[in-house]
Amino acid sequence: MRRAALPVAALAAATALAGCGSSGSPGSTDSADASKAELSVSASYMPQPVSADMAAGFLTIANKSGAKDELTSVTSDIAGQVTMHSTVGGAMEEKTSFAIPAHGRLVFKSGGNHLMFEKLRRKPEQGQKVTLKLTFAKSGPLTVEMPVRSATYNPSTGH
Ligand code: CU
């Protein structure tokens, strides 16, 4: 018996409400469009985790504008904590922010920068979606529906 529809609908409603309440956010300024980053998220996925307490996630944030920004935090309904890591010389390092260059991209991918979902509240299963909230230094927050793929998913082959 599957009951996926109910929690998803409830979550969508909660997200819509949170969006309505965000009007006095410190991120909103009266600056001109040219000075604001234009961010969009693509290629997001989470390989189905092997363990029940930790999962990795990957995505690309593109910036169409001439203003740079910074990813400052990531949160998710399924994790008590989401940390951001870079991989330097094969060793991973936790970071508190990642730069998003003007007219550039910030890429999280297998073997490189990655998100780590810790203190999982439930184990993500292939076919499900995980909701993330990305917070930036200047731009307003973005909500991402990240699909859970197979444990061995490879974005370049699509399976
Ligand atoms: Cu890591």
# chains A, B, ... in the order shown; residues from 1 in each chain; ligands from 1
$ residues_near_ligand --ligand "ligand 1" --cutoff "7 Å" --atoms "only C-alpha atoms and all ligand atoms" --output "NGL selection string"
:A and (85 or 92-94 or 114-116)
$ residues_around --residues "Thr87 in chain A" --least-positions-apart "2" --cutoff "6 Å" --atoms "only C-alpha atoms" --output "list in words"
Gly90, Ala91, Met92, Gly112 and Asn113 of chain A
$ atom_distance --atom1 "CA of Gln128 in chain A" --atom2 "CA of Met146 in chain A"
8.5 Å
$ atom_distance --atom1 "CA of Ser40 in chain A" --atom2 "CA of Pro155 in chain A"
18.2 Å
$ residues_around --residues "Thr60 in chain A" --least-positions-apart "6" --cutoff "10 Å" --atoms "only C-alpha atoms" --output "list in words"
Ser40, Val41, Ser42, Ala43, Ser44, Tyr45, Arg105, Leu106, Val107, Phe108 and Lys109 of chain A
$ write_last_selection --atoms "C-alpha atoms" --output "PDB file, in the first residue's frame"
ATOM      1  CA  SER A  40      18.597  28.437 -11.441  1.00  0.00           C
ATOM      2  CA  VAL A  41      19.139  24.864 -10.362  1.00  0.00           C
ATOM      3  CA  SER A  42      19.518  21.867 -12.671  1.00  0.00           C
ATOM      4  CA  ALA A  43      20.844  18.304 -12.737  1.00  0.00           C
ATOM      5  CA  SER A  44      19.935  17.630  -9.124  1.00  0.00           C
ATOM      6  CA  TYR A  45      19.919  14.067  -7.840  1.00  0.00           C
ATOM      7  CA  ARG A 105      28.070  27.933 -12.418  1.00  0.00           C
ATOM      8  CA  LEU A 106      28.548  26.232  -9.105  1.00  0.00           C
ATOM      9  CA  VAL A 107      28.695  22.479  -9.687  1.00  0.00           C
ATOM     10  CA  PHE A 108      28.207  19.735  -7.118  1.00  0.00           C
ATOM     11  CA  LYS A 109      29.056  16.390  -8.696  1.00  0.00           C
TER      12      LYS A 109
END
$ residues_around --residues "Ala137 in chain A" --least-positions-apart "4" --cutoff "7 Å" --atoms "only C-alpha atoms" --output "PDB file with N, CA, C and O atoms, in the first residue's frame"
ATOM      1  N   ASP A  69      27.143  35.667  -6.431  1.00  0.00           N
ATOM      2  CA  ASP A  69      26.421  35.393  -5.190  1.00  0.00           C
ATOM      3  C   ASP A  69      27.167  34.274  -4.466  1.00  0.00           C
ATOM      4  O   ASP A  69      28.262  33.860  -4.897  1.00  0.00           O
ATOM      5  N   GLU A  70      26.558  33.786  -3.405  1.00  0.00           N
ATOM      6  CA  GLU A  70      27.217  32.780  -2.585  1.00  0.00           C
ATOM      7  C   GLU A  70      26.150  31.853  -2.007  1.00  0.00           C
ATOM      8  O   GLU A  70      25.131  32.333  -1.500  1.00  0.00           O
ATOM      9  N   LEU A  71      26.376  30.564  -2.110  1.00  0.00           N
ATOM     10  CA  LEU A  71      25.491  29.593  -1.443  1.00  0.00           C
ATOM     11  C   LEU A  71      25.950  29.506   0.011  1.00  0.00           C
ATOM     12  O   LEU A  71      27.098  29.161   0.285  1.00  0.00           O
ATOM     13  N   THR A  72      25.049  29.827   0.940  1.00  0.00           N
ATOM     14  CA  THR A  72      25.482  29.901   2.339  1.00  0.00           C
ATOM     15  C   THR A  72      24.928  28.784   3.212  1.00  0.00           C
ATOM     16  O   THR A  72      25.500  28.490   4.255  1.00  0.00           O
TER      17      THR A  72
END
$ atom_distance --atom1 "CA of Val50 in chain A" --atom2 "CA of Val144 in chain A"
22.4 Å
$ closest_residue --among "A:Pro101, A:Ser110, A:Val88, A:Arg122" --to "Ser156 in chain A" --atoms "only C-alpha atoms"
A:Ser110
$ residues_around --residues "Thr143 in chain A" --least-positions-apart "6" --cutoff "10 Å" --atoms "only C-alpha atoms" --output "PyMOL selection string"
chain A and resi 15+19+41+74-76+131-135
$ write_last_selection --atoms "N, CA, C and O atoms" --output "mmCIF file, in the first residue's frame"
data_model
loop_
_atom_site.group_PDB
_atom_site.id
_atom_site.type_symbol
_atom_site.label_atom_id
_atom_site.label_comp_id
_atom_site.auth_asym_id
_atom_site.auth_seq_id
_atom_site.Cartn_x
_atom_site.Cartn_y
_atom_site.Cartn_z
ATOM 1 N N THR A 15 5.190 24.486 1.856
ATOM 2 C CA THR A 15 6.172 25.285 1.121
ATOM 3 C C THR A 15 5.539 26.577 0.621
ATOM 4 O O THR A 15 6.123 27.644 0.704
ATOM 5 N N GLY A 19 6.572 30.418 1.558
ATOM 6 C CA GLY A 19 6.880 31.407 0.538
ATOM 7 C C GLY A 19 6.129 32.703 0.773
ATOM 8 O O GLY A 19 6.683 33.783 0.618
ATOM 9 N N VAL A 41 18.557 26.140 -10.777
ATOM 10 C CA VAL A 41 19.139 24.864 -10.362
ATOM 11 C C VAL A 41 18.799 23.801 -11.391
ATOM 12 O O VAL A 41 17.671 23.739 -11.880
ATOM 13 N N VAL A 74 22.215 24.940 3.193
ATOM 14 C CA VAL A 74 21.263 24.016 2.589
ATOM 15 C C VAL A 74 20.528 23.311 3.721
ATOM 16 O O VAL A 74 21.161 22.866 4.687
ATOM 17 N N THR A 75 19.206 23.234 3.610
ATOM 18 C CA THR A 75 18.429 22.481 4.595
ATOM 19 C C THR A 75 17.488 21.547 3.852
ATOM 20 O O THR A 75 17.198 21.744 2.672
ATOM 21 N N SER A 76 17.023 20.515 4.523
ATOM 22 C CA SER A 76 16.105 19.560 3.914
ATOM 23 C C SER A 76 15.189 18.984 4.976
ATOM 24 O O SER A 76 15.585 18.827 6.134
ATOM 25 N N THR A 131 13.061 17.276 -0.723
ATOM 26 C CA THR A 131 12.941 18.729 -0.854
ATOM 27 C C THR A 131 14.094 19.420 -0.135
ATOM 28 O O THR A 131 14.377 19.128 1.022
ATOM 29 N N LEU A 132 14.767 20.322 -0.866
ATOM 30 C CA LEU A 132 15.871 21.080 -0.280
ATOM 31 C C LEU A 132 15.546 22.555 -0.334
ATOM 32 O O LEU A 132 14.863 23.007 -1.244
ATOM 33 N N LYS A 133 16.084 23.291 0.585
ATOM 34 C CA LYS A 133 16.016 24.747 0.517
ATOM 35 C C LYS A 133 17.435 25.277 0.491
ATOM 36 O O LYS A 133 18.244 24.974 1.381
ATOM 37 N N LEU A 134 17.735 26.041 -0.556
ATOM 38 C CA LEU A 134 19.064 26.631 -0.703
ATOM 39 C C LEU A 134 18.989 28.092 -0.279
ATOM 40 O O LEU A 134 18.099 28.821 -0.719
ATOM 41 N N THR A 135 19.922 28.519 0.552
ATOM 42 C CA THR A 135 19.947 29.904 1.015
ATOM 43 C C THR A 135 21.207 30.578 0.497
ATOM 44 O O THR A 135 22.290 29.985 0.522
#
$ decode --residues "range 64-109 of chain A" --atoms "N, CA and C atoms" --output "PDB file, in the first residue's frame"
ATOM      1  N   LYS A  64      22.817  33.545 -14.374  1.00  0.00           N
ATOM      2  CA  LYS A  64      22.745  34.203 -15.678  1.00  0.00           C
ATOM      3  C   LYS A  64      23.159  35.669 -15.613  1.00  0.00           C
ATOM      4  N   SER A  65      23.300  36.214 -14.422  1.00  0.00           N
ATOM      5  CA  SER A  65      23.535  37.650 -14.350  1.00  0.00           C
ATOM      6  C   SER A  65      25.005  37.983 -14.147  1.00  0.00           C
ATOM      7  N   GLY A  66      25.312  39.269 -14.188  1.00  0.00           N
ATOM      8  CA  GLY A  66      26.680  39.746 -13.997  1.00  0.00           C
ATOM      9  C   GLY A  66      27.032  39.962 -12.536  1.00  0.00           C
ATOM     10  N   ALA A  67      26.121  39.610 -11.628  1.00  0.00           N
ATOM     11  CA  ALA A  67      26.388  39.770 -10.194  1.00  0.00           C
ATOM     12  C   ALA A  67      26.661  38.420  -9.569  1.00  0.00           C
ATOM     13  N   LYS A  68      27.739  38.322  -8.824  1.00  0.00           N
ATOM     14  CA  LYS A  68      28.052  37.053  -8.182  1.00  0.00           C
ATOM     15  C   LYS A  68      27.205  36.877  -6.918  1.00  0.00           C
ATOM     16  N   ASP A  69      27.143  35.667  -6.431  1.00  0.00           N
ATOM     17  CA  ASP A  69      26.421  35.393  -5.190  1.00  0.00           C
ATOM     18  C   ASP A  69      27.167  34.274  -4.466  1.00  0.00           C
ATOM     19  N   GLU A  70      26.558  33.786  -3.405  1.00  0.00           N
ATOM     20  CA  GLU A  70      27.217  32.780  -2.585  1.00  0.00           C
ATOM     21  C   GLU A  70      26.150  31.853  -2.007  1.00  0.00           C
ATOM     22  N   LEU A  71      26.376  30.564  -2.110  1.00  0.00           N
ATOM     23  CA  LEU A  71      25.491  29.593  -1.443  1.00  0.00           C
ATOM     24  C   LEU A  71      25.950  29.506   0.011  1.00  0.00           C
ATOM     25  N   THR A  72      25.049  29.827   0.940  1.00  0.00           N
ATOM     26  CA  THR A  72      25.482  29.901   2.339  1.00  0.00           C
ATOM     27  C   THR A  72      24.928  28.784   3.212  1.00  0.00           C
ATOM     28  N   SER A  73      23.801  28.166   2.802  1.00  0.00           N
ATOM     29  CA  SER A  73      23.349  27.010   3.579  1.00  0.00           C
ATOM     30  C   SER A  73      22.334  26.195   2.810  1.00  0.00           C
ATOM     31  N   VAL A  74      22.215  24.940   3.193  1.00  0.00           N
ATOM     32  CA  VAL A  74      21.263  24.016   2.589  1.00  0.00           C
ATOM     33  C   VAL A  74      20.528  23.311   3.721  1.00  0.00           C
ATOM     34  N   THR A  75      19.206  23.234   3.610  1.00  0.00           N
ATOM     35  CA  THR A  75      18.429  22.481   4.595  1.00  0.00           C
ATOM     36  C   THR A  75      17.488  21.547   3.852  1.00  0.00           C
ATOM     37  N   SER A  76      17.023  20.515   4.523  1.00  0.00           N
ATOM     38  CA  SER A  76      16.105  19.560   3.914  1.00  0.00           C
ATOM     39  C   SER A  76      15.189  18.984   4.976  1.00  0.00           C
ATOM     40  N   ASP A  77      13.963  18.647   4.519  1.00  0.00           N
ATOM     41  CA  ASP A  77      12.998  18.047   5.447  1.00  0.00           C
ATOM     42  C   ASP A  77      13.444  16.660   5.904  1.00  0.00           C
ATOM     43  N   ILE A  78      14.278  15.970   5.105  1.00  0.00           N
ATOM     44  CA  ILE A  78      14.610  14.591   5.478  1.00  0.00           C
ATOM     45  C   ILE A  78      15.844  14.482   6.367  1.00  0.00           C
ATOM     46  N   ALA A  79      16.571  15.607   6.532  1.00  0.00           N
ATOM     47  CA  ALA A  79      17.843  15.515   7.254  1.00  0.00           C
ATOM     48  C   ALA A  79      17.903  16.510   8.410  1.00  0.00           C
ATOM     49  N   GLY A  80      18.464  16.080   9.520  1.00  0.00           N
ATOM     50  CA  GLY A  80      18.665  16.981  10.638  1.00  0.00           C
ATOM     51  C   GLY A  80      19.677  18.062  10.299  1.00  0.00           C
ATOM     52  N   GLN A  81      20.573  17.717   9.368  1.00  0.00           N
ATOM     53  CA  GLN A  81      21.620  18.656   8.983  1.00  0.00           C
ATOM     54  C   GLN A  81      22.086  18.339   7.567  1.00  0.00           C
ATOM     55  N   VAL A  82      22.310  19.395   6.762  1.00  0.00           N
ATOM     56  CA  VAL A  82      22.915  19.213   5.447  1.00  0.00           C
ATOM     57  C   VAL A  82      24.200  20.027   5.427  1.00  0.00           C
ATOM     58  N   THR A  83      25.312  19.360   5.158  1.00  0.00           N
ATOM     59  CA  THR A  83      26.592  20.074   5.107  1.00  0.00           C
ATOM     60  C   THR A  83      27.092  20.122   3.670  1.00  0.00           C
ATOM     61  N   MET A  84      27.940  21.124   3.381  1.00  0.00           N
ATOM     62  CA  MET A  84      28.492  21.322   2.041  1.00  0.00           C
ATOM     63  C   MET A  84      29.966  20.967   2.088  1.00  0.00           C
ATOM     64  N   HIS A  85      30.388  20.129   1.149  1.00  0.00           N
ATOM     65  CA  HIS A  85      31.777  19.678   1.146  1.00  0.00           C
ATOM     66  C   HIS A  85      32.428  19.930  -0.204  1.00  0.00           C
ATOM     67  N   SER A  86      33.723  20.236  -0.159  1.00  0.00           N
ATOM     68  CA  SER A  86      34.516  20.226  -1.382  1.00  0.00           C
ATOM     69  C   SER A  86      35.463  19.044  -1.283  1.00  0.00           C
ATOM     70  N   THR A  87      35.951  18.590  -2.419  1.00  0.00           N
ATOM     71  CA  THR A  87      36.926  17.504  -2.415  1.00  0.00           C
ATOM     72  C   THR A  87      38.236  18.067  -2.935  1.00  0.00           C
ATOM     73  N   VAL A  88      39.246  18.036  -2.093  1.00  0.00           N
ATOM     74  CA  VAL A  88      40.547  18.595  -2.454  1.00  0.00           C
ATOM     75  C   VAL A  88      41.584  17.481  -2.356  1.00  0.00           C
ATOM     76  N   GLY A  89      42.158  17.123  -3.492  1.00  0.00           N
ATOM     77  CA  GLY A  89      43.167  16.073  -3.509  1.00  0.00           C
ATOM     78  C   GLY A  89      42.670  14.768  -2.916  1.00  0.00           C
ATOM     79  N   GLY A  90      41.411  14.435  -3.193  1.00  0.00           N
ATOM     80  CA  GLY A  90      40.864  13.170  -2.730  1.00  0.00           C
ATOM     81  C   GLY A  90      40.317  13.209  -1.313  1.00  0.00           C
ATOM     82  N   ALA A  91      40.566  14.284  -0.583  1.00  0.00           N
ATOM     83  CA  ALA A  91      40.036  14.388   0.784  1.00  0.00           C
ATOM     84  C   ALA A  91      38.917  15.415   0.825  1.00  0.00           C
ATOM     85  N   MET A  92      37.842  15.103   1.551  1.00  0.00           N
ATOM     86  CA  MET A  92      36.767  16.085   1.574  1.00  0.00           C
ATOM     87  C   MET A  92      36.866  17.020   2.761  1.00  0.00           C
ATOM     88  N   GLU A  93      36.368  18.210   2.524  1.00  0.00           N
ATOM     89  CA  GLU A  93      36.538  19.305   3.459  1.00  0.00           C
ATOM     90  C   GLU A  93      35.201  20.011   3.583  1.00  0.00           C
ATOM     91  N   GLU A  94      34.742  20.205   4.814  1.00  0.00           N
ATOM     92  CA  GLU A  94      33.469  20.898   4.992  1.00  0.00           C
ATOM     93  C   GLU A  94      33.657  22.396   4.785  1.00  0.00           C
ATOM     94  N   LYS A  95      32.700  23.005   4.075  1.00  0.00           N
ATOM     95  CA  LYS A  95      32.784  24.444   3.832  1.00  0.00           C
ATOM     96  C   LYS A  95      31.493  25.112   4.287  1.00  0.00           C
ATOM     97  N   THR A  96      31.595  26.375   4.696  1.00  0.00           N
ATOM     98  CA  THR A  96      30.409  27.084   5.168  1.00  0.00           C
ATOM     99  C   THR A  96      29.741  27.875   4.052  1.00  0.00           C
ATOM    100  N   SER A  97      30.428  28.044   2.921  1.00  0.00           N
ATOM    101  CA  SER A  97      29.803  28.706   1.778  1.00  0.00           C
ATOM    102  C   SER A  97      30.548  28.341   0.507  1.00  0.00           C
ATOM    103  N   PHE A  98      29.840  28.505  -0.631  1.00  0.00           N
ATOM    104  CA  PHE A  98      30.438  28.271  -1.941  1.00  0.00           C
ATOM    105  C   PHE A  98      30.141  29.475  -2.819  1.00  0.00           C
ATOM    106  N   ALA A  99      31.153  29.992  -3.510  1.00  0.00           N
ATOM    107  CA  ALA A  99      30.966  31.133  -4.409  1.00  0.00           C
ATOM    108  C   ALA A  99      30.218  30.709  -5.666  1.00  0.00           C
ATOM    109  N   ILE A 100      29.322  31.586  -6.137  1.00  0.00           N
ATOM    110  CA  ILE A 100      28.640  31.385  -7.415  1.00  0.00           C
ATOM    111  C   ILE A 100      29.075  32.548  -8.300  1.00  0.00           C
ATOM    112  N   PRO A 101      29.954  32.290  -9.273  1.00  0.00           N
ATOM    113  CA  PRO A 101      30.499  33.393 -10.069  1.00  0.00           C
ATOM    114  C   PRO A 101      29.447  34.039 -10.975  1.00  0.00           C
ATOM    115  N   ALA A 102      29.677  35.308 -11.322  1.00  0.00           N
ATOM    116  CA  ALA A 102      28.838  35.999 -12.299  1.00  0.00           C
ATOM    117  C   ALA A 102      28.943  35.264 -13.632  1.00  0.00           C
ATOM    118  N   HIS A 103      27.819  35.099 -14.326  1.00  0.00           N
ATOM    119  CA  HIS A 103      27.775  34.382 -15.608  1.00  0.00           C
ATOM    120  C   HIS A 103      28.467  33.030 -15.497  1.00  0.00           C
ATOM    121  N   GLY A 104      28.355  32.386 -14.363  1.00  0.00           N
ATOM    122  CA  GLY A 104      29.054  31.123 -14.161  1.00  0.00           C
ATOM    123  C   GLY A 104      28.174  30.091 -13.474  1.00  0.00           C
ATOM    124  N   ARG A 105      28.817  29.026 -13.023  1.00  0.00           N
ATOM    125  CA  ARG A 105      28.070  27.933 -12.418  1.00  0.00           C
ATOM    126  C   ARG A 105      28.801  27.418 -11.187  1.00  0.00           C
ATOM    127  N   LEU A 106      28.014  26.968 -10.241  1.00  0.00           N
ATOM    128  CA  LEU A 106      28.548  26.232  -9.105  1.00  0.00           C
ATOM    129  C   LEU A 106      28.079  24.793  -9.276  1.00  0.00           C
ATOM    130  N   VAL A 107      29.024  23.866  -9.378  1.00  0.00           N
ATOM    131  CA  VAL A 107      28.695  22.479  -9.687  1.00  0.00           C
ATOM    132  C   VAL A 107      29.011  21.571  -8.501  1.00  0.00           C
ATOM    133  N   PHE A 108      28.002  20.808  -8.088  1.00  0.00           N
ATOM    134  CA  PHE A 108      28.207  19.735  -7.118  1.00  0.00           C
ATOM    135  C   PHE A 108      28.071  18.437  -7.898  1.00  0.00           C
ATOM    136  N   LYS A 109      29.134  17.636  -7.941  1.00  0.00           N
ATOM    137  CA  LYS A 109      29.056  16.390  -8.696  1.00  0.00           C
ATOM    138  C   LYS A 109      29.884  15.310  -8.028  1.00  0.00           C
TER     139      LYS A 109
END
